[in-house]
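Data block for structure32.cif (mmCIF, C-alpha atoms):
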```cif
data_target
#
loop_
_atom_site.label_atom_id
_atom_site.label_comp_id
_atom_site.auth_asym_id
_atom_site.auth_seq_id
_atom_site.Cartn_x
_atom_site.Cartn_y
_atom_site.Cartn_z
CA MET A 1 10.76 -19.44 60.88
CA ASN A 2 11.12 -21.41 64.11
CA PRO A 3 8.10 -23.48 65.35
CA THR A 4 7.38 -21.23 68.39
CA LYS A 5 7.35 -18.08 66.29
CA HIS A 6 5.16 -19.83 63.70
CA ALA A 7 2.67 -20.90 66.41
CA ASP A 8 2.55 -17.33 67.82
CA GLN A 9 1.90 -15.99 64.34
CA GLN A 10 -0.93 -18.48 63.83
CA SER A 11 -2.61 -17.65 67.14
CA LEU A 12 -2.27 -13.91 66.41
CA GLU A 13 -3.94 -14.41 63.05
CA ALA A 14 -6.68 -16.54 64.58
CA ALA A 15 -7.37 -13.82 67.17
CA LEU A 16 -7.45 -11.13 64.48
CA ARG A 17 -9.88 -13.16 62.38
CA ALA A 18 -12.09 -13.73 65.42
CA LYS A 19 -12.17 -9.98 66.13
CA LEU A 20 -12.99 -9.34 62.48
CA ARG A 21 -15.93 -11.77 62.64
CA MET A 22 -17.12 -10.06 65.83
CA ALA A 23 -17.16 -6.73 64.00
CA TYR A 24 -19.10 -8.30 61.12
CA PHE A 25 -21.63 -9.76 63.57
CA LEU A 26 -22.10 -6.31 65.10
CA LEU A 27 -22.79 -4.86 61.65
CA LEU A 28 -25.22 -7.71 60.95
CA LEU A 29 -27.00 -6.98 64.23
CA PHE A 30 -27.27 -3.33 63.22
CA VAL A 31 -28.75 -4.30 59.84
CA ILE A 32 -31.27 -6.62 61.57
CA HIS A 33 -32.38 -3.75 63.80
CA ILE A 34 -32.66 -1.37 60.87
CA VAL A 35 -34.90 -3.96 59.17
CA GLU A 36 -36.93 -4.24 62.40
CA ALA A 37 -37.23 -0.45 62.52
CA TYR A 38 -38.53 -0.52 58.94
CA ILE A 39 -41.12 -3.29 59.34
CA THR A 40 -42.46 -2.25 62.73
CA PHE A 41 -44.67 0.67 63.86
CA PRO A 42 -43.39 4.24 63.64
CA PHE A 43 -41.43 5.24 66.75
CA VAL A 44 -42.89 7.66 69.27
CA ASP A 45 -43.12 11.11 67.54
CA HIS A 46 -42.57 9.50 64.12
CA THR A 47 -45.17 9.12 61.40
CA SER A 48 -43.54 6.59 59.06
CA ALA A 49 -41.17 3.62 58.94
CA ALA A 50 -38.84 5.57 56.64
CA GLN A 51 -38.40 8.09 59.46
CA ASN A 52 -37.45 5.19 61.77
CA VAL A 53 -34.74 4.06 59.37
CA PHE A 54 -33.39 7.58 58.87
CA TYR A 55 -33.31 8.11 62.65
CA GLY A 56 -31.57 4.72 63.08
CA PHE A 57 -28.82 5.63 60.63
CA ILE A 58 -28.29 9.02 62.33
CA VAL A 59 -28.14 7.86 65.97
CA ALA A 60 -26.18 4.68 65.26
CA ALA A 61 -23.58 6.51 63.13
CA PRO A 62 -20.82 6.34 65.81
CA PHE A 63 -21.53 2.63 66.21
CA TYR A 64 -21.19 1.55 62.59
CA THR A 65 -18.51 4.13 61.71
CA ILE A 66 -16.16 2.94 64.47
CA ASN A 67 -17.00 -0.64 63.50
CA ILE A 68 -16.17 -0.10 59.83
CA ILE A 69 -12.90 1.69 60.73
CA PHE A 70 -12.02 -1.30 62.92
CA ILE A 71 -12.73 -3.73 60.05
CA ILE A 72 -10.41 -1.76 57.73
CA VAL A 73 -7.64 -1.58 60.36
CA THR A 74 -7.95 -5.29 61.13
CA TYR A 75 -7.74 -6.17 57.44
CA ARG A 76 -4.47 -4.21 57.30
CA ASP A 77 -3.22 -6.00 60.42
CA LEU A 78 -4.02 -9.34 58.83
CA ALA A 79 -2.28 -8.39 55.59
CA ALA A 80 0.79 -7.20 57.53
CA SER A 81 0.75 -10.42 59.51
CA ARG A 82 0.65 -12.50 56.31
CA GLN A 83 3.50 -10.48 54.79
CA GLY A 84 5.56 -11.00 57.94
CA LYS A 85 4.99 -14.73 57.61
CA GLY A 86 6.07 -14.74 53.97
CA MET B 87 -46.15 -4.84 62.26
CA LYS B 88 -45.88 -6.00 65.86
CA LEU B 89 -42.64 -7.78 66.77
CA ASP B 90 -43.03 -9.96 69.85
CA SER B 91 -40.35 -10.03 72.51
CA TRP B 92 -39.48 -13.65 71.68
CA VAL B 93 -38.08 -12.29 68.39
CA LEU B 94 -35.57 -10.16 70.31
CA ASN B 95 -34.94 -13.12 72.63
CA VAL B 96 -33.98 -15.38 69.72
CA ILE B 97 -31.77 -12.72 68.11
CA LEU B 98 -29.94 -12.00 71.38
CA TYR B 99 -29.37 -15.67 72.26
CA VAL B 100 -28.07 -16.52 68.76
CA PHE B 101 -25.69 -13.54 68.71
CA PHE B 102 -24.64 -14.26 72.27
CA PHE B 103 -23.39 -17.72 71.29
CA LEU B 104 -21.66 -16.33 68.19
CA MET B 105 -19.89 -13.59 70.20
CA LEU B 106 -18.96 -16.02 72.96
CA ARG B 107 -17.32 -18.32 70.42
CA GLU B 108 -15.39 -15.50 68.77
CA GLY B 109 -14.54 -13.93 72.12
CA ARG B 110 -12.89 -17.15 73.25
CA LEU B 111 -10.74 -17.15 70.11
CA ALA B 112 -9.87 -13.47 70.35
CA LEU B 113 -9.34 -13.09 74.08
CA GLY B 114 -8.93 -16.65 75.35
CA ARG B 115 -11.43 -18.90 77.11
CA GLU B 116 -10.71 -17.80 80.69
CA ARG B 117 -10.70 -14.06 80.10
CA THR B 118 -13.94 -14.29 78.07
CA SER B 119 -15.55 -16.27 80.91
CA ILE B 120 -14.52 -13.54 83.38
CA PHE B 121 -16.07 -10.94 81.07
CA LEU B 122 -19.27 -12.99 80.75
CA TRP B 123 -19.79 -13.67 84.47
CA GLY B 124 -18.81 -10.11 85.27
CA SER B 125 -21.41 -8.86 82.74
CA ILE B 126 -24.17 -11.00 84.23
CA LEU B 127 -23.31 -9.88 87.78
CA TRP B 128 -22.86 -6.22 86.87
CA THR B 129 -25.93 -5.82 84.65
CA GLY B 130 -28.02 -8.25 86.73
CA ILE B 131 -27.49 -6.24 89.92
CA ILE B 132 -27.87 -2.80 88.32
CA GLU B 133 -30.89 -3.66 86.14
CA ASN B 134 -32.68 -5.39 89.02
CA ALA B 135 -32.01 -2.42 91.28
CA MET B 136 -33.43 -0.03 88.67
CA VAL B 137 -36.52 -2.21 88.10
CA MET B 138 -37.14 -2.41 91.87
CA LEU B 139 -36.70 1.36 92.19
CA GLY B 140 -39.37 1.78 89.53
CA GLY B 141 -37.20 3.15 86.72
CA TYR B 142 -38.62 0.74 84.12
CA ASP B 143 -40.24 -2.66 83.98
CA TYR B 144 -40.33 -5.81 81.92
CA PHE B 145 -43.61 -7.11 83.35
CA ALA B 146 -45.99 -4.50 82.06
CA TYR B 147 -47.05 -6.62 79.12
CA ALA B 148 -47.46 -9.91 80.96
CA ASP B 149 -50.91 -11.48 80.52
CA TYR B 150 -50.60 -10.46 76.92
CA TYR B 151 -49.54 -13.66 75.17
CA ARG B 152 -51.96 -16.31 73.93
CA PHE B 153 -51.39 -19.90 72.91
CA GLY B 154 -54.17 -21.98 71.34
CA GLY B 155 -56.59 -19.15 71.99
CA LYS B 156 -55.84 -19.14 75.75
CA LEU B 157 -54.05 -16.43 77.70
CA ILE B 158 -50.70 -17.48 79.21
CA ASP B 159 -51.02 -16.12 82.74
CA GLY B 160 -48.10 -13.89 83.79
CA TYR B 161 -46.01 -14.64 80.70
CA ALA B 162 -44.18 -11.51 79.55
CA GLY B 163 -42.49 -13.00 76.48
CA TRP B 164 -39.07 -13.72 77.97
CA PHE B 165 -37.47 -17.18 78.09
CA CYS B 166 -35.50 -16.90 81.30
CA TRP B 167 -35.10 -14.37 84.12
CA VAL B 168 -32.36 -13.14 86.45
CA LEU B 169 -34.73 -12.17 89.29
CA PHE B 170 -36.79 -9.33 87.68
CA VAL B 171 -34.70 -8.89 84.52
CA PRO B 172 -34.72 -11.14 81.42
CA LEU B 173 -31.46 -13.09 81.03
CA ALA B 174 -31.45 -12.06 77.35
CA ILE B 175 -30.91 -8.44 78.45
CA CYS B 176 -27.75 -9.36 80.41
CA LEU B 177 -26.49 -11.53 77.53
CA GLY B 178 -27.34 -8.76 75.08
CA TRP B 179 -25.19 -6.39 77.08
CA PHE B 180 -22.33 -8.91 76.96
CA LEU B 181 -22.56 -9.47 73.20
CA LEU B 182 -22.39 -5.73 72.50
CA SER B 183 -19.89 -4.74 75.18
CA LEU B 184 -17.18 -7.32 74.55
CA PRO B 185 -16.61 -6.40 70.88
CA ALA B 186 -17.08 -2.67 71.61
CA LEU B 187 -14.30 -2.82 74.20
CA LEU B 188 -11.98 -4.90 72.00
CA ILE B 189 -12.56 -2.50 69.10
CA SER B 190 -11.81 0.55 71.26
CA ILE B 191 -8.63 -1.02 72.64
CA ARG B 192 -7.39 -1.84 69.13
CA LEU B 193 -8.25 1.53 67.61
CA LEU B 194 -6.94 3.71 70.44
CA GLY B 195 -3.86 1.63 71.22
CA GLU B 196 -2.56 0.11 74.42
CA LYS B 197 -0.80 3.26 75.66
CA ARG B 198 -3.92 5.48 75.85
CA SER B 199 -5.76 5.86 79.13
CA ILE B 200 -8.17 3.04 79.98
CA TRP B 201 -10.83 5.70 80.67
CA ILE B 202 -10.58 7.13 77.13
CA LYS B 203 -10.97 3.64 75.62
CA ALA B 204 -13.89 2.91 77.95
CA THR B 205 -15.49 6.20 76.85
CA CYS B 206 -15.19 5.20 73.19
CA ALA B 207 -16.72 1.77 73.93
CA GLY B 208 -19.50 3.43 75.95
CA VAL B 209 -20.32 5.80 73.08
CA MET B 210 -20.54 2.83 70.68
CA LEU B 211 -22.89 1.01 73.04
CA VAL B 212 -25.18 4.02 73.60
CA SER B 213 -25.23 4.72 69.88
CA PHE B 214 -26.55 1.21 69.18
CA ASP B 215 -28.99 1.38 72.09
CA MET B 216 -30.51 4.57 70.67
CA LEU B 217 -31.75 2.45 67.78
CA LEU B 218 -32.78 -0.61 69.84
CA ASP B 219 -34.78 1.11 72.58
CA PRO B 220 -37.31 3.03 70.44
CA ILE B 221 -38.06 -0.33 68.71
CA SER B 222 -38.64 -1.91 72.11
CA VAL B 223 -41.00 0.88 73.19
CA VAL B 224 -43.29 0.68 70.16
CA ASN B 225 -43.33 -3.12 70.35
CA GLU B 226 -44.06 -3.11 74.11
CA TRP B 227 -41.04 -5.23 75.15
CA TRP B 228 -40.36 -2.97 78.13
CA ARG B 229 -41.26 0.57 79.16
CA TRP B 230 -39.82 3.46 81.15
CA THR B 231 -41.72 4.77 84.13
CA SER B 232 -39.35 7.37 85.57
CA PRO B 233 -39.37 11.13 84.98
CA GLY B 234 -36.82 12.56 82.55
CA PHE B 235 -36.17 13.92 79.11
CA TYR B 236 -37.92 11.51 76.74
CA LEU B 237 -36.60 11.05 73.23
CA ARG B 238 -38.62 8.67 71.00
CA GLY B 239 -40.28 7.22 74.11
CA VAL B 240 -37.00 6.55 75.91
CA THR B 241 -35.65 8.56 78.82
CA LEU B 242 -32.21 10.14 78.48
CA GLY B 243 -31.38 8.67 81.90
CA ASN B 244 -31.37 5.24 80.24
CA TYR B 245 -28.61 6.26 77.84
CA ILE B 246 -26.63 7.87 80.68
CA GLY B 247 -26.88 4.57 82.56
CA TRP B 248 -25.81 2.52 79.54
CA PHE B 249 -22.80 4.77 79.04
CA PHE B 250 -21.61 4.48 82.64
CA LEU B 251 -22.27 0.71 82.64
CA LEU B 252 -19.58 0.07 80.05
CA PHE B 253 -17.42 3.05 81.05
CA PHE B 254 -16.67 1.56 84.47
CA PHE B 255 -16.88 -2.11 83.51
CA GLY B 256 -14.65 -1.69 80.45
CA ALA B 257 -11.99 0.33 82.26
CA LEU B 258 -11.90 -2.14 85.15
CA PHE B 259 -11.74 -5.14 82.83
CA GLU B 260 -8.89 -3.71 80.81
CA ARG B 261 -6.86 -2.61 83.84
CA THR B 262 -7.40 -5.87 85.75
CA VAL B 263 -7.73 -8.70 83.23
CA ILE B 264 -5.90 -7.42 80.15
CA GLN B 265 -3.17 -5.17 81.61
CA LYS B 266 -3.06 -7.14 84.88
CA GLY B 267 -2.57 -3.96 86.86
CA GLY B 268 -4.23 -2.24 89.76
CA PHE B 269 -5.44 1.06 91.20
CA ALA B 270 -3.09 2.73 93.70
CA TRP B 271 -5.97 4.10 95.82
CA LEU B 272 -7.51 0.64 96.11
CA SER B 273 -4.34 -1.37 96.70
CA GLY B 274 -4.39 -0.92 100.49
CA ILE B 275 -7.89 -2.42 100.84
CA GLU B 276 -7.09 -5.17 98.33
CA ARG B 277 -3.88 -6.08 100.18
CA TRP B 278 -6.00 -6.51 103.31
CA VAL B 279 -8.71 -8.55 101.51
CA PHE B 280 -6.52 -10.73 99.25
CA ARG B 281 -3.37 -10.79 101.44
CA GLU B 282 -1.09 -9.94 98.53
CA ASP B 283 0.07 -7.09 96.34
CA THR B 284 -2.58 -6.40 93.68
CA MET B 285 -0.76 -3.68 91.74
CA ASP B 286 0.87 -6.31 89.49
CA LEU B 287 -1.27 -9.35 88.71
CA SER B 288 0.93 -10.76 85.94
CA ALA B 289 2.19 -13.66 88.06
CA MET B 290 -1.32 -14.58 89.24
CA VAL B 291 -3.46 -17.40 87.83
CA THR B 292 -6.41 -16.14 85.76
CA GLY B 293 -9.01 -17.44 88.21
CA ARG B 294 -7.60 -15.27 90.99
CA VAL B 295 -7.40 -12.28 88.64
CA GLY B 296 -11.11 -12.88 88.00
CA ARG B 297 -11.89 -12.74 91.72
CA ILE B 298 -10.01 -9.43 92.02
CA PHE B 299 -11.95 -8.13 89.01
CA TYR B 300 -15.31 -9.05 90.62
CA PHE B 301 -14.16 -7.38 93.84
CA ARG B 302 -13.32 -4.20 91.94
CA LEU B 303 -16.73 -4.28 90.24
CA ALA B 304 -18.32 -4.39 93.70
CA VAL B 305 -16.19 -1.42 94.81
CA PHE B 306 -17.16 0.58 91.72
CA LEU B 307 -20.88 -0.25 92.00
CA PRO B 308 -21.67 2.66 94.37
CA ILE B 309 -19.50 4.97 92.23
CA PHE B 310 -21.56 3.92 89.19
CA PHE B 311 -24.83 4.68 90.99
CA ILE B 312 -23.57 8.05 92.23
CA CYS B 313 -22.42 9.11 88.74
CA CYS B 314 -25.69 7.99 87.13
CA THR B 315 -27.81 9.65 89.80
CA VAL B 316 -25.92 12.96 89.64
CA VAL B 317 -25.94 13.22 85.82
CA ALA B 318 -29.47 11.85 85.33
CA THR B 319 -30.90 14.07 88.09
CA ALA B 320 -29.19 17.14 86.64
CA VAL B 321 -30.61 16.32 83.19
CA THR B 322 -34.08 15.62 84.63
CA PHE B 323 -34.25 18.89 86.54
CA THR B 324 -32.99 20.96 83.60
CA VAL B 325 -34.67 19.47 80.52
CA ALA B 326 -37.30 16.94 81.68
CA ASN B 327 -40.28 16.83 79.34
CA ASN B 328 -42.15 13.89 80.86
CA TRP B 329 -42.72 13.18 84.57
CA GLY B 330 -43.21 9.45 84.12
CA PRO B 331 -45.48 8.22 81.34
CA PHE B 332 -46.59 5.09 83.27
CA ASP B 333 -46.83 3.84 86.83
CA SER B 334 -44.31 1.10 87.53
CA VAL B 335 -45.64 -2.36 88.36
CA PHE B 336 -43.46 -2.09 91.48
CA PRO B 337 -45.26 -0.17 94.22
CA ASN B 338 -42.33 2.18 94.73
CA GLU B 339 -42.44 5.89 95.36
CA PHE B 340 -38.76 6.55 94.66
CA PHE B 341 -39.40 8.63 91.53
CA ASP B 342 -42.68 10.07 92.74
CA VAL B 343 -40.78 12.73 94.75
CA LEU B 344 -39.80 14.28 91.42
CA ARG B 345 -43.38 14.49 90.16
#
```

Can the structure from this file be put into structure tokens for me?
Amino acid sequence: MNPTKHADQQSLEAALRAKLRMAYFLLLLFVIHIVEAYITFPFVDHTSAAQNVFYGFIVAAPFYTINIIFIIVTYRDLAASRQGKG
Amino acid sequence: MKLDSWVLNVILYVFFFLMLREGRLALGRERTSIFLWGSILWTGIIENAMVMLGGYDYFAYADYYRFGGKLIDGYAGWFCWVLFVPLAICLGWFLLSLPALLISIRLLGEKRSIWIKATCAGVMLVSFDMLLDPISVVNEWWRWTSPGFYLRGVTLGNYIGWFFLLFFFGALFERTVIQKGGFAWLSGIERWVFREDTMDLSAMVTGRVGRIFYFRLAVFLPIFFICCTVVATAVTFTVANNWGPFDSVFPNEFFDVLR
């Protein structure tokens, strides 16, 4: 592999890893908010913290589902990138 | 258990720095800076306008915090403000929007319409906000004062606004900064303002691309407000279940006409 191609490959991998970490941070932020929803008062029209958590998982479903799909796809991209290097 | 607003402040600032670091690696330093300053301008202007119109407020719980047994006069629990809006709110929007947009672009591919990708990013953002905002209401971090359909203490108009915030911002950012393209209907005005062809920005330095992006945000600002007003008003008149639970701290009668 020539040096330019090798450098491009490295920067592509670094960008993919950065995007992967971003997705993990988003998931971590979601978990933090679910914990907050559990330890805080019941939401308006709710009677318990468990209801808060259930509601959180329902409404945030598009958020974490898209995020998890992205993590899987990015893992594949990274694996393909490594195979291309080999 | 009561969670004070400084808790959210700390979380948002920490995640902001983490996302900024990763954003610079993923997108490059200059493009991430354009996204950041664009976010602060875009959300700063829109949020301040909504606070001044009496849609919601961040001051309601000032004169609430105590230190050493003494009341901290006027302190509402936020570290730093952009006029009437906590800086943490603008940074929070950045830290959620940047990855949401990058994720949508990757999953939907470069060939799909920028508006479809912006829709996907907007849905992600609203979905997360539907968890965050009910927490903020019960912990008295901020409150809504406008009429509308209230779900868990939060008006539906808020979610409509959040969707359009990233819908327009994301589409403009992708078209201008990532694809380095333009909008045919806007090119005539831009040619007059920037004295060059703005349909292809690929030969331009990133700083100038940034200025064109900020200009486009300014052009789309009234479009954003019109879309939000039309959709939110339609929703309010059809399904409103609460004509404003509180009076805004701003003496503004904008929403009173609906009561």

Can you list what the PyMOL selection byres ((chain A and resi 65-73) around 8) grabs from this structure, as a count of residues only?
-> 17

Any chance you could work out the residue set of the PyMOL selection byres ((chain B) within 9 of (chain A)) here, as number ranges by chain?
-> B: 87-89, 97, 101, 104-105, 107-114, 181-182, 185-186, 188-190, 192-193, 209-218, 220-221, 223-225, 237-240

Taking C-alpha atoms for each residue, export the selection above as a short mmCIF file (atom, residue, chain, number, x, y, z; two decimals), in the coordinates of the input.
```cif
data_model
loop_
_atom_site.label_atom_id
_atom_site.label_comp_id
_atom_site.auth_asym_id
_atom_site.auth_seq_id
_atom_site.Cartn_x
_atom_site.Cartn_y
_atom_site.Cartn_z
CA MET B 87 -46.15 -4.84 62.26
CA LYS B 88 -45.88 -6.00 65.86
CA LEU B 89 -42.64 -7.78 66.77
CA ILE B 97 -31.77 -12.72 68.11
CA PHE B 101 -25.69 -13.54 68.71
CA LEU B 104 -21.66 -16.33 68.19
CA MET B 105 -19.89 -13.59 70.20
CA ARG B 107 -17.32 -18.32 70.42
CA GLU B 108 -15.39 -15.50 68.77
CA GLY B 109 -14.54 -13.93 72.12
CA ARG B 110 -12.89 -17.15 73.25
CA LEU B 111 -10.74 -17.15 70.11
CA ALA B 112 -9.87 -13.47 70.35
CA LEU B 113 -9.34 -13.09 74.08
CA GLY B 114 -8.93 -16.65 75.35
CA LEU B 181 -22.56 -9.47 73.20
CA LEU B 182 -22.39 -5.73 72.50
CA PRO B 185 -16.61 -6.40 70.88
CA ALA B 186 -17.08 -2.67 71.61
CA LEU B 188 -11.98 -4.90 72.00
CA ILE B 189 -12.56 -2.50 69.10
CA SER B 190 -11.81 0.55 71.26
CA ARG B 192 -7.39 -1.84 69.13
CA LEU B 193 -8.25 1.53 67.61
CA VAL B 209 -20.32 5.80 73.08
CA MET B 210 -20.54 2.83 70.68
CA LEU B 211 -22.89 1.01 73.04
CA VAL B 212 -25.18 4.02 73.60
CA SER B 213 -25.23 4.72 69.88
CA PHE B 214 -26.55 1.21 69.18
CA ASP B 215 -28.99 1.38 72.09
CA MET B 216 -30.51 4.57 70.67
CA LEU B 217 -31.75 2.45 67.78
CA LEU B 218 -32.78 -0.61 69.84
CA PRO B 220 -37.31 3.03 70.44
CA ILE B 221 -38.06 -0.33 68.71
CA VAL B 223 -41.00 0.88 73.19
CA VAL B 224 -43.29 0.68 70.16
CA ASN B 225 -43.33 -3.12 70.35
CA LEU B 237 -36.60 11.05 73.23
CA ARG B 238 -38.62 8.67 71.00
CA GLY B 239 -40.28 7.22 74.11
CA VAL B 240 -37.00 6.55 75.91
#
```

Could you give me, as a PyMOL selection string, the residues that have an atom at most 12 Å away from the point (-36.1, -3.2, 87.4) in the coordinates of the file, using only C-alpha atoms?
-> chain B and resi 129-146+167-172+175+228-232+334-338

With the file shown as input, list the residues that the PyMOL selection byres ((chain B and resi 252) around 7) selects, as a PyMOL selection string.
-> chain B and resi 183+204+207-208+248-251+253-256

If you count only C-alpha atoms, which residues fall within 9 Å of Leu106 (chain B), apart from same-chain ones fewer than 6 positions away, as a list of chain:residue names?
->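 Contacts, with the query itself left out: B:Thr118, B:Ser119, B:Leu122, B:Phe180, B:Leu181.
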
My structure is short of atoms at region 35-62 of chain A; please model N, CA and C atoms there, returning them as a PDB file, keeping the file's coordinate frame.
```
ATOM      1  N   VAL A  35     -33.776  -3.271  59.820  1.00  0.00           N
ATOM      2  CA  VAL A  35     -34.900  -3.960  59.170  1.00  0.00           C
ATOM      3  C   VAL A  35     -36.109  -3.966  60.123  1.00  0.00           C
ATOM      4  N   GLU A  36     -35.850  -4.265  61.391  1.00  0.00           N
ATOM      5  CA  GLU A  36     -36.930  -4.240  62.400  1.00  0.00           C
ATOM      6  C   GLU A  36     -37.571  -2.855  62.457  1.00  0.00           C
ATOM      7  N   ALA A  37     -36.716  -1.823  62.459  1.00  0.00           N
ATOM      8  CA  ALA A  37     -37.230  -0.450  62.520  1.00  0.00           C
ATOM      9  C   ALA A  37     -38.102  -0.143  61.309  1.00  0.00           C
ATOM     10  N   TYR A  38     -37.774  -0.760  60.168  1.00  0.00           N
ATOM     11  CA  TYR A  38     -38.530  -0.520  58.940  1.00  0.00           C
ATOM     12  C   TYR A  38     -39.873  -1.243  58.938  1.00  0.00           C
ATOM     13  N   ILE A  39     -39.873  -2.499  59.444  1.00  0.00           N
ATOM     14  CA  ILE A  39     -41.120  -3.290  59.340  1.00  0.00           C
ATOM     15  C   ILE A  39     -42.078  -3.055  60.509  1.00  0.00           C
ATOM     16  N   THR A  40     -41.592  -2.419  61.572  1.00  0.00           N
ATOM     17  CA  THR A  40     -42.460  -2.250  62.730  1.00  0.00           C
ATOM     18  C   THR A  40     -43.189  -0.899  62.701  1.00  0.00           C
ATOM     19  N   PHE A  41     -43.896  -0.580  63.792  1.00  0.00           N
ATOM     20  CA  PHE A  41     -44.670   0.670  63.860  1.00  0.00           C
ATOM     21  C   PHE A  41     -43.728   1.876  63.882  1.00  0.00           C
ATOM     22  N   PRO A  42     -44.222   3.034  63.491  1.00  0.00           N
ATOM     23  CA  PRO A  42     -43.390   4.240  63.640  1.00  0.00           C
ATOM     24  C   PRO A  42     -43.051   4.482  65.107  1.00  0.00           C
ATOM     25  N   PHE A  43     -41.841   4.950  65.370  1.00  0.00           N
ATOM     26  CA  PHE A  43     -41.430   5.240  66.750  1.00  0.00           C
ATOM     27  C   PHE A  43     -42.291   6.359  67.319  1.00  0.00           C
ATOM     28  N   VAL A  44     -42.200   6.548  68.623  1.00  0.00           N
ATOM     29  CA  VAL A  44     -42.890   7.660  69.270  1.00  0.00           C
ATOM     30  C   VAL A  44     -42.434   8.971  68.593  1.00  0.00           C
ATOM     31  N   ASP A  45     -43.370   9.840  68.239  1.00  0.00           N
ATOM     32  CA  ASP A  45     -43.120  11.110  67.540  1.00  0.00           C
ATOM     33  C   ASP A  45     -42.762  10.937  66.056  1.00  0.00           C
ATOM     34  N   HIS A  46     -42.800   9.716  65.550  1.00  0.00           N
ATOM     35  CA  HIS A  46     -42.570   9.500  64.120  1.00  0.00           C
ATOM     36  C   HIS A  46     -43.906   9.214  63.437  1.00  0.00           C
ATOM     37  N   THR A  47     -43.915   9.401  62.121  1.00  0.00           N
ATOM     38  CA  THR A  47     -45.170   9.120  61.400  1.00  0.00           C
ATOM     39  C   THR A  47     -44.994   8.012  60.360  1.00  0.00           C
ATOM     40  N   SER A  48     -43.732   7.635  60.075  1.00  0.00           N
ATOM     41  CA  SER A  48     -43.540   6.590  59.060  1.00  0.00           C
ATOM     42  C   SER A  48     -42.329   5.720  59.390  1.00  0.00           C
ATOM     43  N   ALA A  49     -42.287   4.545  58.740  1.00  0.00           N
ATOM     44  CA  ALA A  49     -41.170   3.620  58.940  1.00  0.00           C
ATOM     45  C   ALA A  49     -39.880   4.200  58.347  1.00  0.00           C
ATOM     46  N   ALA A  50     -40.023   4.972  57.274  1.00  0.00           N
ATOM     47  CA  ALA A  50     -38.840   5.570  56.640  1.00  0.00           C
ATOM     48  C   ALA A  50     -38.138   6.518  57.630  1.00  0.00           C
ATOM     49  N   GLN A  51     -38.952   7.198  58.426  1.00  0.00           N
ATOM     50  CA  GLN A  51     -38.400   8.090  59.460  1.00  0.00           C
ATOM     51  C   GLN A  51     -37.608   7.264  60.487  1.00  0.00           C
ATOM     52  N   ASN A  52     -38.144   6.089  60.836  1.00  0.00           N
ATOM     53  CA  ASN A  52     -37.450   5.190  61.770  1.00  0.00           C
ATOM     54  C   ASN A  52     -36.051   4.849  61.248  1.00  0.00           C
ATOM     55  N   VAL A  53     -36.011   4.488  59.969  1.00  0.00           N
ATOM     56  CA  VAL A  53     -34.740   4.060  59.370  1.00  0.00           C
ATOM     57  C   VAL A  53     -33.748   5.228  59.328  1.00  0.00           C
ATOM     58  N   PHE A  54     -34.241   6.389  58.937  1.00  0.00           N
ATOM     59  CA  PHE A  54     -33.390   7.580  58.870  1.00  0.00           C
ATOM     60  C   PHE A  54     -32.833   7.890  60.272  1.00  0.00           C
ATOM     61  N   TYR A  55     -33.719   7.865  61.257  1.00  0.00           N
ATOM     62  CA  TYR A  55     -33.310   8.110  62.650  1.00  0.00           C
ATOM     63  C   TYR A  55     -32.261   7.065  63.084  1.00  0.00           C
ATOM     64  N   GLY A  56     -32.503   5.804  62.718  1.00  0.00           N
ATOM     65  CA  GLY A  56     -31.570   4.720  63.080  1.00  0.00           C
ATOM     66  C   GLY A  56     -30.180   4.963  62.519  1.00  0.00           C
ATOM     67  N   PHE A  57     -30.125   5.376  61.242  1.00  0.00           N
ATOM     68  CA  PHE A  57     -28.820   5.630  60.630  1.00  0.00           C
ATOM     69  C   PHE A  57     -28.113   6.826  61.275  1.00  0.00           C
ATOM     70  N   ILE A  58     -28.887   7.824  61.704  1.00  0.00           N
ATOM     71  CA  ILE A  58     -28.290   9.020  62.330  1.00  0.00           C
ATOM     72  C   ILE A  58     -27.724   8.666  63.720  1.00  0.00           C
ATOM     73  N   VAL A  59     -28.586   8.076  64.578  1.00  0.00           N
ATOM     74  CA  VAL A  59     -28.140   7.860  65.970  1.00  0.00           C
ATOM     75  C   VAL A  59     -27.083   6.763  66.075  1.00  0.00           C
ATOM     76  N   ALA A  60     -27.142   5.780  65.172  1.00  0.00           N
ATOM     77  CA  ALA A  60     -26.180   4.680  65.260  1.00  0.00           C
ATOM     78  C   ALA A  60     -24.901   4.967  64.461  1.00  0.00           C
ATOM     79  N   ALA A  61     -24.760   6.181  63.951  1.00  0.00           N
ATOM     80  CA  ALA A  61     -23.580   6.510  63.130  1.00  0.00           C
ATOM     81  C   ALA A  61     -22.255   6.232  63.860  1.00  0.00           C
ATOM     82  N   PRO A  62     -22.094   6.659  65.139  1.00  0.00           N
ATOM     83  CA  PRO A  62     -20.820   6.340  65.810  1.00  0.00           C
ATOM     84  C   PRO A  62     -20.569   4.833  65.879  1.00  0.00           C
TER      85      PRO A  62
END
```
